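The file target_34.txt contains compact mmCIF, C-alpha atoms and all ligand atoms:
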# COMPACT_ATOMS: atom_id res chain seq x y z
CA MET A 19 -32.46 -14.06 -10.32
CA ILE A 20 -30.25 -11.17 -9.14
CA PRO A 21 -30.60 -10.61 -5.36
CA ALA A 22 -32.66 -7.49 -4.48
CA GLU A 23 -29.75 -6.07 -2.43
CA ILE A 24 -27.46 -6.09 -5.50
CA VAL A 25 -30.09 -4.43 -7.70
CA LYS A 26 -30.73 -1.75 -5.06
CA ASN A 27 -27.02 -1.03 -4.61
CA ALA A 28 -26.36 -0.91 -8.35
CA PHE A 29 -28.33 2.35 -8.50
CA ASN A 30 -27.23 3.80 -5.17
CA PRO A 31 -24.44 6.36 -5.73
CA GLU A 32 -23.44 6.06 -2.06
CA VAL A 33 -22.57 2.34 -2.38
CA GLY A 34 -19.43 1.19 -4.16
CA PRO A 35 -16.24 -0.88 -4.01
CA ILE A 36 -13.33 -0.36 -1.62
CA GLY A 37 -10.56 1.43 -3.52
CA VAL A 38 -6.96 0.23 -3.26
CA PHE A 39 -4.23 2.45 -4.67
CA ASP A 40 -0.54 2.17 -5.40
CA SER A 41 1.90 3.85 -7.74
CA GLY A 42 2.29 0.46 -9.44
CA TYR A 43 2.09 -3.21 -8.56
CA GLY A 44 3.16 -3.11 -4.89
CA GLY A 45 -0.31 -2.45 -3.54
CA LEU A 46 -1.37 -5.82 -4.91
CA THR A 47 0.53 -7.43 -2.01
CA ILE A 48 -1.84 -5.54 0.30
CA LEU A 49 -4.96 -6.19 -1.79
CA SER A 50 -4.18 -9.89 -1.81
CA GLU A 51 -4.16 -10.02 2.02
CA ILE A 52 -7.28 -7.84 2.28
CA LYS A 53 -9.15 -10.13 -0.13
CA THR A 54 -8.06 -13.22 1.78
CA LEU A 55 -9.39 -11.77 5.03
CA MET A 56 -12.49 -10.11 3.56
CA PRO A 57 -13.48 -11.89 0.34
CA GLN A 58 -17.10 -10.72 0.54
CA TYR A 59 -16.38 -7.11 -0.50
CA ASN A 60 -16.01 -5.50 -3.92
CA TYR A 61 -12.64 -3.91 -4.68
CA VAL A 62 -11.22 -1.67 -7.34
CA TYR A 63 -7.45 -1.52 -7.69
CA LEU A 64 -5.63 1.29 -9.44
CA GLY A 65 -1.92 1.28 -10.27
CA ASP A 66 -0.52 4.55 -11.57
CA ASN A 67 2.08 2.59 -13.51
CA ALA A 68 2.57 5.33 -16.10
CA ARG A 69 4.04 7.57 -13.40
CA ALA A 70 5.65 4.96 -11.10
CA PRO A 71 7.83 4.91 -9.16
CA TYR A 72 6.75 7.68 -6.79
CA GLY A 73 9.60 7.05 -4.33
CA ASN A 74 12.04 9.67 -5.58
CA ARG A 75 9.44 12.29 -6.50
CA SER A 76 8.86 15.54 -4.61
CA PHE A 77 6.28 15.92 -1.86
CA GLU A 78 4.21 18.20 -4.14
CA LEU A 79 4.07 15.72 -7.03
CA VAL A 80 3.23 12.69 -4.88
CA TYR A 81 0.46 14.72 -3.24
CA GLU A 82 -0.88 15.89 -6.61
CA PHE A 83 -0.83 12.39 -8.15
CA THR A 84 -2.37 10.79 -5.07
CA LEU A 85 -5.14 13.36 -4.89
CA GLN A 86 -5.93 12.72 -8.57
CA ALA A 87 -6.14 9.00 -7.80
CA VAL A 88 -8.41 9.59 -4.80
CA GLU A 89 -10.75 11.72 -6.94
CA TRP A 90 -10.76 8.96 -9.55
CA PHE A 91 -11.81 6.42 -6.88
CA PHE A 92 -14.58 8.72 -5.71
CA ALA A 93 -15.81 8.91 -9.32
CA GLN A 94 -16.02 5.07 -9.12
CA ARG A 95 -18.28 5.58 -6.04
CA CYS A 96 -15.75 4.19 -3.54
CA PRO A 97 -16.83 5.10 0.01
CA LEU A 98 -13.37 4.14 1.29
CA VAL A 99 -9.92 4.25 -0.31
CA VAL A 100 -6.80 2.54 1.04
CA LEU A 101 -3.50 4.10 -0.02
CA ALA A 102 -1.63 0.79 -0.29
CA CYS A 103 1.56 2.73 -0.89
CA ASN A 104 3.86 3.94 1.87
CA THR A 105 5.17 6.83 -0.20
CA ALA A 106 1.67 8.17 -0.85
CA SER A 107 0.68 7.49 2.77
CA ALA A 108 3.77 9.37 3.98
CA LYS A 109 3.52 12.33 1.66
CA ALA A 110 -0.15 12.80 0.84
CA LEU A 111 -2.48 11.09 3.32
CA ARG A 112 -2.54 13.72 6.05
CA SER A 113 -3.10 16.62 3.61
CA ILE A 114 -5.85 14.72 1.80
CA GLN A 115 -7.58 13.80 5.07
CA GLN A 116 -7.32 17.26 6.59
CA LYS A 117 -7.50 19.62 3.60
CA ASN A 118 -9.28 17.90 0.72
CA LEU A 119 -11.75 15.40 2.13
CA PRO A 120 -13.83 17.91 4.11
CA VAL A 121 -14.31 19.87 0.87
CA ILE A 122 -14.59 17.24 -1.87
CA ALA A 123 -16.16 14.25 -0.09
CA PRO A 124 -16.87 14.66 3.63
CA SER A 125 -18.69 11.31 3.87
CA ARG A 126 -15.89 9.27 2.27
CA ARG A 127 -12.69 8.04 3.90
CA VAL A 128 -9.04 7.59 2.91
CA LEU A 129 -6.73 5.37 5.00
CA GLY A 130 -3.01 4.61 4.77
CA VAL A 131 -0.62 1.77 5.58
CA ILE A 132 1.90 3.36 7.94
CA ARG A 133 -0.18 3.67 11.09
CA PRO A 134 -1.40 0.04 11.18
CA THR A 135 2.20 -1.12 10.79
CA ALA A 136 3.51 1.28 13.44
CA GLU A 137 0.78 0.18 15.86
CA LEU A 138 1.86 -3.46 15.80
CA VAL A 139 5.61 -3.15 15.83
CA GLY A 140 5.65 -2.47 19.59
CA CYS A 141 4.30 -5.98 20.20
CA ILE A 142 6.82 -7.62 17.88
CA THR A 143 10.19 -6.23 18.98
CA LYS A 144 11.74 -7.81 22.05
CA ASN A 145 14.72 -5.50 22.56
CA GLY A 146 13.14 -2.25 21.32
CA HIS A 147 15.40 -1.86 18.25
CA VAL A 148 13.36 -1.47 15.05
CA GLY A 149 14.58 -0.93 11.50
CA VAL A 150 12.57 0.55 8.62
CA LEU A 151 13.35 0.03 4.94
CA GLY A 152 11.46 2.19 2.44
CA THR A 153 11.64 4.46 -0.57
CA ALA A 154 13.62 7.70 -0.35
CA GLY A 155 10.34 9.61 -0.02
CA THR A 156 9.02 7.49 2.84
CA ILE A 157 12.32 7.58 4.74
CA GLN A 158 12.87 11.33 4.23
CA SER A 159 9.37 12.04 5.53
CA GLN A 160 10.28 10.30 8.83
CA SER A 161 6.66 9.14 9.00
CA TYR A 162 7.57 5.81 10.61
CA GLU A 163 9.74 7.42 13.30
CA ILE A 164 6.98 9.93 14.07
CA GLU A 165 4.19 7.33 14.25
CA ILE A 166 6.24 4.76 16.19
CA ASN A 167 7.51 7.36 18.68
CA LYS A 168 3.96 8.54 19.23
CA LEU A 169 2.64 5.04 19.87
CA HIS A 170 5.68 3.39 21.49
CA PRO A 171 7.92 6.17 22.84
CA GLY A 172 10.70 3.90 24.13
CA LEU A 173 11.67 2.29 20.82
CA THR A 174 14.84 3.04 18.85
CA VAL A 175 13.96 3.42 15.15
CA THR A 176 16.63 3.30 12.44
CA SER A 177 15.82 3.86 8.76
CA GLU A 178 17.37 3.15 5.40
CA ALA A 179 16.20 4.27 1.96
CA CYS A 180 16.45 1.62 -0.76
CA PRO A 181 15.91 3.60 -3.99
CA MET A 182 16.72 0.67 -6.30
CA TRP A 183 14.33 -1.87 -4.83
CA VAL A 184 11.07 -0.65 -6.42
CA PRO A 185 12.60 -0.47 -9.92
CA LEU A 186 13.90 -4.04 -9.43
CA VAL A 187 10.35 -5.20 -8.73
CA GLU A 188 8.61 -3.07 -11.37
CA ASN A 189 11.07 -4.36 -13.98
CA ARG A 190 10.78 -8.02 -12.91
CA GLU A 191 14.38 -8.22 -11.77
CA TYR A 192 13.49 -9.03 -8.15
CA ASP A 193 14.42 -12.72 -8.39
CA LYS A 194 17.46 -12.29 -10.66
CA PRO A 195 21.09 -12.45 -9.46
CA GLY A 196 21.56 -8.68 -9.98
CA ALA A 197 19.02 -7.97 -7.25
CA ASP A 198 21.29 -9.58 -4.61
CA TYR A 199 23.78 -6.74 -4.79
CA PHE A 200 21.23 -4.04 -3.96
CA VAL A 201 19.38 -6.10 -1.36
CA LYS A 202 22.58 -6.97 0.52
CA GLN A 203 23.87 -3.39 0.27
CA HIS A 204 20.92 -1.88 2.14
CA ILE A 205 20.60 -4.67 4.68
CA ASP A 206 24.30 -4.33 5.53
CA ARG A 207 23.91 -0.56 5.83
CA ILE A 208 20.95 -0.60 8.20
CA LEU A 209 22.62 -3.23 10.39
CA GLN A 210 25.77 -1.11 10.48
CA LYS A 211 23.69 1.84 11.68
CA ASP A 212 22.11 -0.30 14.44
CA PRO A 213 23.49 -3.84 14.88
CA GLU A 214 20.89 -4.53 17.59
CA ILE A 215 17.85 -4.37 15.29
CA ASP A 216 15.59 -7.37 16.01
CA THR A 217 12.57 -6.25 13.94
CA LEU A 218 12.72 -4.97 10.38
CA ILE A 219 9.72 -3.28 8.76
CA LEU A 220 9.37 -3.58 5.01
CA GLY A 221 7.96 -0.08 4.65
CA CYS A 222 7.15 -0.35 0.97
CA THR A 223 4.44 -2.52 -0.52
CA HIS A 224 6.74 -3.67 -3.33
CA TYR A 225 9.29 -5.21 -0.98
CA PRO A 226 7.54 -8.53 -0.15
CA LEU A 227 8.48 -9.61 -3.67
CA LEU A 228 12.13 -9.37 -2.60
CA MET A 229 11.50 -11.47 0.52
CA GLU A 230 13.50 -14.47 -0.61
CA LYS A 231 16.60 -12.35 -1.14
CA ILE A 232 16.00 -10.27 1.99
CA LYS A 233 15.87 -13.42 4.13
CA MET A 234 18.98 -14.74 2.39
CA HIS A 235 21.03 -11.69 3.43
CA LEU A 236 19.51 -11.07 6.86
CA PRO A 237 20.55 -12.78 10.12
CA GLU A 238 17.93 -15.37 11.09
CA ASN A 239 17.12 -13.83 14.48
CA ILE A 240 15.62 -10.69 12.89
CA THR A 241 11.83 -10.64 12.41
CA VAL A 242 10.75 -9.20 9.07
CA VAL A 243 7.45 -7.32 9.18
CA GLU A 244 5.37 -7.50 6.00
CA GLN A 245 2.48 -5.04 6.08
CA GLY A 246 -0.24 -6.87 4.18
CA LYS A 247 -1.73 -8.88 7.05
CA TYR A 248 -1.63 -5.96 9.52
CA VAL A 249 -3.23 -3.57 7.06
CA ALA A 250 -5.95 -6.11 6.27
CA GLU A 251 -6.70 -6.68 9.97
CA SER A 252 -6.71 -2.99 10.66
CA LEU A 253 -9.16 -2.41 7.78
CA ARG A 254 -11.46 -5.11 9.11
CA ASN A 255 -11.39 -3.48 12.57
CA TYR A 256 -12.04 -0.09 11.00
CA LEU A 257 -15.12 -1.35 9.15
CA HIS A 258 -16.32 -3.02 12.33
CA ARG A 259 -15.99 0.26 14.23
CA HIS A 260 -17.60 2.26 11.40
CA PRO A 261 -20.79 0.49 10.31
CA GLU A 262 -21.89 3.66 8.51
CA ILE A 263 -18.97 3.17 6.08
CA ASP A 264 -19.24 -0.60 6.02
CA GLU A 265 -22.86 -0.54 4.88
CA ARG A 266 -21.81 1.58 1.90
CA CYS A 267 -19.15 -0.95 0.79
CA ALA A 268 -20.60 -3.22 -1.91
CA LYS A 269 -20.33 -6.93 -1.14
CA ASN A 270 -20.61 -9.03 -4.31
CA ARG A 271 -17.06 -10.51 -4.26
CA HIS A 272 -16.04 -8.62 -7.36
CA THR A 273 -12.64 -6.99 -8.06
CA SER A 274 -11.70 -4.81 -11.01
CA TYR A 275 -8.21 -3.66 -11.93
CA PHE A 276 -7.15 -0.43 -13.60
CA THR A 277 -3.78 0.90 -14.69
CA THR A 278 -2.65 4.17 -16.20
CA GLU A 279 -0.26 2.26 -18.48
CA SER A 280 -0.58 -0.90 -20.60
CA PRO A 281 -3.41 -3.21 -19.41
CA GLU A 282 -1.74 -6.25 -21.02
CA LYS A 283 1.52 -5.60 -19.16
CA PHE A 284 -0.38 -4.92 -15.95
CA ALA A 285 -2.36 -8.16 -16.15
CA GLN A 286 0.79 -10.16 -16.81
CA GLN A 287 2.73 -8.61 -13.91
CA ALA A 288 -0.22 -8.59 -11.54
CA SER A 289 -0.59 -12.34 -11.87
CA ILE A 290 2.85 -12.69 -10.23
CA PHE A 291 1.82 -10.57 -7.25
CA LEU A 292 -1.62 -12.13 -6.90
CA LYS A 293 -0.86 -15.69 -8.00
CA GLU A 294 -4.00 -15.64 -10.17
CA ASN A 295 -4.83 -14.42 -13.65
CA ILE A 296 -6.69 -11.14 -13.92
CA GLN A 297 -8.00 -8.75 -16.59
CA SER A 298 -7.22 -5.06 -16.37
CA GLN A 299 -8.39 -1.86 -18.02
CA LYS A 300 -6.55 1.29 -18.92
CA THR A 301 -7.68 4.54 -17.36
CA VAL A 302 -6.63 8.18 -17.21
CA ILE A 303 -6.55 9.94 -13.85
CA ASP A 304 -4.84 13.26 -14.47
CA THR A 305 -7.91 14.86 -16.03
CA ILE A 306 -10.20 14.14 -13.07
CA CYS A 307 -9.22 17.12 -10.86
N1 LIG B 1 4.64 0.60 -3.18
C1 LIG B 1 5.03 1.96 -2.97
C2 LIG B 1 5.39 2.18 -1.51
O1 LIG B 1 4.90 1.42 -0.68
C3 LIG B 1 6.01 2.22 -4.03
C4 LIG B 1 6.72 3.39 -4.07
C5 LIG B 1 7.18 3.92 -5.39
O2 LIG B 1 6.39 4.06 -6.32
O3 LIG B 1 8.36 4.26 -5.42
O4 LIG B 1 6.09 3.08 -1.12
Would you give me this structure, written as structure tokens?
Ligand code: DGL
Amino acid sequence: MIPAEIVKNAFNPEVGPIGVFDSGYGGLTILSEIKTLMPQYNYVYLGDNARAPYGNRSFELVYEFTLQAVEWFFAQRCPLVVLACNTASAKALRSIQQKNLPVIAPSRRVLGVIRPTAELVGCITKNGHVGVLGTAGTIQSQSYEIEINKLHPGLTVTSEACPMWVPLVENREYDKPGADYFVKQHIDRILQKDPEIDTLILGCTHYPLLMEKIKMHLPENITVVEQGKYVAESLRNYLHRHPEIDERCAKNRHTSYFTTESPEKFAQQASIFLKENIQSQKTVIDTIC
């Protein structure tokens, strides 16, 4: 027999899964940590693979694409959407929260990945020298500098854009010998800019897939900050502090996956990020707005 709670929620338009968004596969590294910490919830993941990568696109386009995705999640009844993409968090989150949400869905929430990472970095660095690696869009936006300076004013933050890293991951080249060149190049550059860096933020959700190579080319005394765990903990705290949102998040341990490109390709790639086999469905998001 289906539990009464599930039957009730199935017909309640206010109750739905937590949405997790990325331009492509990178957000799966975040989803994986969120699911480990909070397996009881329902999730819906959307990768805008047809238009990835976002990293080199203009502010206007990233904002437009991200807003389309957020509207798509709301059409799936998500009370809460996590932008598991630094580029979208850097370029679109604030506008969506301040301009769009009050008009299109005042009772729903959209959160990003930059603030939870910036919050924790102050406790990790010992000498106050922090490095940030990210896409060109994230680095140009200076979102990490702004957030870190707000929260931990004494820290020195040095950034480096790594425009080739997302394509290496999206094209499954992240563990091939060719990837070493680009990984070493950007690590050498950021350490030239500030040789005292003791904490390095991977400010792109694709980058954990390059971890093996990053560690290979990075001095051992530098702490590498992966976002997944911090974002998951921050989401759990958020839901704890906001029971009115939490009670609208469905909890049947179900996850569905959508992509704007080929579902077969998505399922195959996603299994690498998630270390489990999944099914995915194709969807269209640019007709929602
Ligand atoms: N995973 C996204 C991020 O964290 C990827 C960016 C892209 O699509 O270039 O920034």
Distance limit 6 Å, reference ligand LIG 1 (chain B), atoms considered: only C-alpha atoms and all ligand atoms. Which residues make the cut? Give them as a PDB file with C-alpha atoms, keeping the file's coordinate frame.
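Resulting contents of selection.pdb:
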ATOM      1  CA  ASP A  40      -0.540   2.170  -5.400  1.00  0.00           C
ATOM      2  CA  SER A  41       1.900   3.850  -7.740  1.00  0.00           C
ATOM      3  CA  GLY A  44       3.160  -3.110  -4.890  1.00  0.00           C
ATOM      4  CA  GLY A  45      -0.310  -2.450  -3.540  1.00  0.00           C
ATOM      5  CA  ALA A  70       5.650   4.960 -11.100  1.00  0.00           C
ATOM      6  CA  PRO A  71       7.830   4.910  -9.160  1.00  0.00           C
ATOM      7  CA  TYR A  72       6.750   7.680  -6.790  1.00  0.00           C
ATOM      8  CA  GLY A  73       9.600   7.050  -4.330  1.00  0.00           C
ATOM      9  CA  CYS A 103       1.560   2.730  -0.890  1.00  0.00           C
ATOM     10  CA  ASN A 104       3.860   3.940   1.870  1.00  0.00           C
ATOM     11  CA  THR A 105       5.170   6.830  -0.200  1.00  0.00           C
ATOM     12  CA  THR A 153      11.640   4.460  -0.570  1.00  0.00           C
ATOM     13  CA  VAL A 184      11.070  -0.650  -6.420  1.00  0.00           C
ATOM     14  CA  CYS A 222       7.150  -0.350   0.970  1.00  0.00           C
ATOM     15  CA  THR A 223       4.440  -2.520  -0.520  1.00  0.00           C
ATOM     16  CA  HIS A 224       6.740  -3.670  -3.330  1.00  0.00           C
TER      17      HIS A 224
END
Between A:Thr174, A:Thr156, A:Ser274, A:Thr305, which one has atoms that come closest to Ile215 of chain A, using all atoms listed in the file?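 Nearest candidate to Ile215 of chain A out of A:Thr174, A:Thr156, A:Ser274, A:Thr305: A:Thr174.
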Residues at most 10 Å from Asp264 of chain A, counting all atoms listed in the file, excluding those fewer than 5 positions away in the same chain, as a PyMOL selection string? chain A and resi 33+36+59+97-98+254+256-259+269
Of the listed residues A:Thr217, A:Thr54, A:Thr47, A:Asn67, that which approaches Glu188 of chain A most closely, counting only C-alpha atoms: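 Looking at the shortest contact to Glu188 of chain A, the residue is A:Asn67.
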Select from segment 203-242 of chain A every residue with an atom at most 12 Å from any atom of segment 157-165 of chain A, then for each give the shortest pair of atoms and their distance in Å to one decimal, using only C-alpha atoms, rows by chain and rising number, as a Markdown table.
| residue | atom | partner | partner_atom | distance |
| --- | --- | --- | --- | --- |
| A:Leu218 | CA | A:Tyr162 | CA | 11.9 |
| A:Ile219 | CA | A:Tyr162 | CA | 9.5 |
| A:Leu220 | CA | A:Tyr162 | CA | 11.1 |
| A:Gly221 | CA | A:Tyr162 | CA | 8.4 |
| A:Cys222 | CA | A:Ile157 | CA | 10.2 |
Local residues around (-23.1, 5.8, -5.8), at most 10 Å away, using all atoms listed in the file, as a list in words: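 Output of the proximity query reads Asn27, Ala28, Phe29, Asn30, Pro31, Glu32, Val33, Gly34, Pro35, Phe92, Ala93, Gln94, Arg95, Cys96, Pro97 and Arg266 of chain A.
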Near Leu101 of chain A, counting all atoms listed in the file, which residues have an atom at most 8 Å away, once you skip same-chain residues fewer than 3 positions from it, shown as a PDB file with C-alpha atoms, in the coordinates of the input?
ATOM      1  CA  VAL A  38      -6.960   0.230  -3.260  1.00  0.00           C
ATOM      2  CA  PHE A  39      -4.230   2.450  -4.670  1.00  0.00           C
ATOM      3  CA  ASP A  40      -0.540   2.170  -5.400  1.00  0.00           C
ATOM      4  CA  ASN A 104       3.860   3.940   1.870  1.00  0.00           C
ATOM      5  CA  ALA A 106       1.670   8.170  -0.850  1.00  0.00           C
ATOM      6  CA  SER A 107       0.680   7.490   2.770  1.00  0.00           C
ATOM      7  CA  LEU A 111      -2.480  11.090   3.320  1.00  0.00           C
ATOM      8  CA  VAL A 128      -9.040   7.590   2.910  1.00  0.00           C
ATOM      9  CA  LEU A 129      -6.730   5.370   5.000  1.00  0.00           C
ATOM     10  CA  GLY A 130      -3.010   4.610   4.770  1.00  0.00           C
ATOM     11  CA  VAL A 131      -0.620   1.770   5.580  1.00  0.00           C
TER      12      VAL A 131
END
Skipping near chain neighbours, those fewer than 2 positions away, what residues fall within 6 Å of segment 176-180 of chain A using all atoms listed in the file, listed as a PDB file with C-alpha atoms, in the frame of the given file?
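So part.pdb came out as:
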ATOM      1  CA  GLY A 149      14.580  -0.930  11.500  1.00  0.00           C
ATOM      2  CA  VAL A 150      12.570   0.550   8.620  1.00  0.00           C
ATOM      3  CA  LEU A 151      13.350   0.030   4.940  1.00  0.00           C
ATOM      4  CA  GLY A 152      11.460   2.190   2.440  1.00  0.00           C
ATOM      5  CA  THR A 153      11.640   4.460  -0.570  1.00  0.00           C
ATOM      6  CA  ALA A 154      13.620   7.700  -0.350  1.00  0.00           C
ATOM      7  CA  ILE A 157      12.320   7.580   4.740  1.00  0.00           C
ATOM      8  CA  MET A 182      16.720   0.670  -6.300  1.00  0.00           C
ATOM      9  CA  TRP A 183      14.330  -1.870  -4.830  1.00  0.00           C
ATOM     10  CA  ILE A 208      20.950  -0.600   8.200  1.00  0.00           C
TER      11      ILE A 208
END
Considering all atoms listed in the file, can you say which of A:Ser113, A:Asn239, A:Asn118, A:Ser125 comes closest to Val80 of chain A? A:Ser113
Which residue, A:Lys293, A:Ala136, A:Val88, A:Glu78, has the smallest gap to Ala123 of chain A when you use all atoms listed in the file?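 Of A:Lys293, A:Ala136, A:Val88, A:Glu78, the one nearest Ala123 of chain A is A:Val88, counting all atoms listed in the file.
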Which of these, A:Thr301, A:Tyr225, A:Lys211, A:Lys233, has the shortest distance to Gly246 of chain A once you count all atoms listed in the file?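 The closest residue to Gly246 of chain A is A:Tyr225.
When all atoms listed in the file are used to compute distances to Gly37 of chain A, the closest of the residues A:Leu169, A:Val139, A:Val62, A:Ala197 turns out to be A:Val62.
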Quick one: distance from atom CA of Tyr81 of chain A to atom CA of Leu228 of chain A in Å, one decimal?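 Between these atoms lies a distance of 26.8 Å.
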Work out how far apart atom CA of Leu64 of chain A and atom CA of Thr277 of chain A are and give it in Å to one decimal.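 Between these atoms lies a distance of 5.6 Å.
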I'd like the interatomic distance between atom CA of Phe77 of chain A and atom CA of Ile132 of chain A, to a tenth of an Å.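 According to the coordinates, atom CA of Phe77 of chain A and atom CA of Ile132 of chain A are separated by 16.5 Å.
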Could you give me, as a short mmCIF file (atom, residue, chain, number, x, y, z; two decimals) with C-alpha atoms, keeping the file's coordinate frame, the residues within 7 Å of Pro134 of chain A, counting only C-alpha atoms and dropping anything in the same chain fewer than 4 positions from it?
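As written to disk, selection-v2.cif reads:
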data_model
loop_
_atom_site.label_atom_id
_atom_site.label_comp_id
_atom_site.auth_asym_id
_atom_site.auth_seq_id
_atom_site.Cartn_x
_atom_site.Cartn_y
_atom_site.Cartn_z
CA LEU A 138 1.86 -3.46 15.80
CA TYR A 248 -1.63 -5.96 9.52
CA VAL A 249 -3.23 -3.57 7.06
CA SER A 252 -6.71 -2.99 10.66
#
Tell me which residues come within 9 Å of (5.7, -9.8, -10.9), as a PDB file with C-alpha atoms, keeping the file's coordinate frame, counting only C-alpha atoms in the file's coordinates.
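The new file part-v1.pdb reads:
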ATOM      1  CA  TYR A  43       2.090  -3.210  -8.560  1.00  0.00           C
ATOM      2  CA  VAL A 187      10.350  -5.200  -8.730  1.00  0.00           C
ATOM      3  CA  GLU A 188       8.610  -3.070 -11.370  1.00  0.00           C
ATOM      4  CA  ASN A 189      11.070  -4.360 -13.980  1.00  0.00           C
ATOM      5  CA  ARG A 190      10.780  -8.020 -12.910  1.00  0.00           C
ATOM      6  CA  GLU A 191      14.380  -8.220 -11.770  1.00  0.00           C
ATOM      7  CA  TYR A 192      13.490  -9.030  -8.150  1.00  0.00           C
ATOM      8  CA  LEU A 227       8.480  -9.610  -3.670  1.00  0.00           C
ATOM      9  CA  GLN A 286       0.790 -10.160 -16.810  1.00  0.00           C
ATOM     10  CA  GLN A 287       2.730  -8.610 -13.910  1.00  0.00           C
ATOM     11  CA  ALA A 288      -0.220  -8.590 -11.540  1.00  0.00           C
ATOM     12  CA  SER A 289      -0.590 -12.340 -11.870  1.00  0.00           C
ATOM     13  CA  ILE A 290       2.850 -12.690 -10.230  1.00  0.00           C
ATOM     14  CA  PHE A 291       1.820 -10.570  -7.250  1.00  0.00           C
ATOM     15  CA  LEU A 292      -1.620 -12.130  -6.900  1.00  0.00           C
TER      16      LEU A 292
END
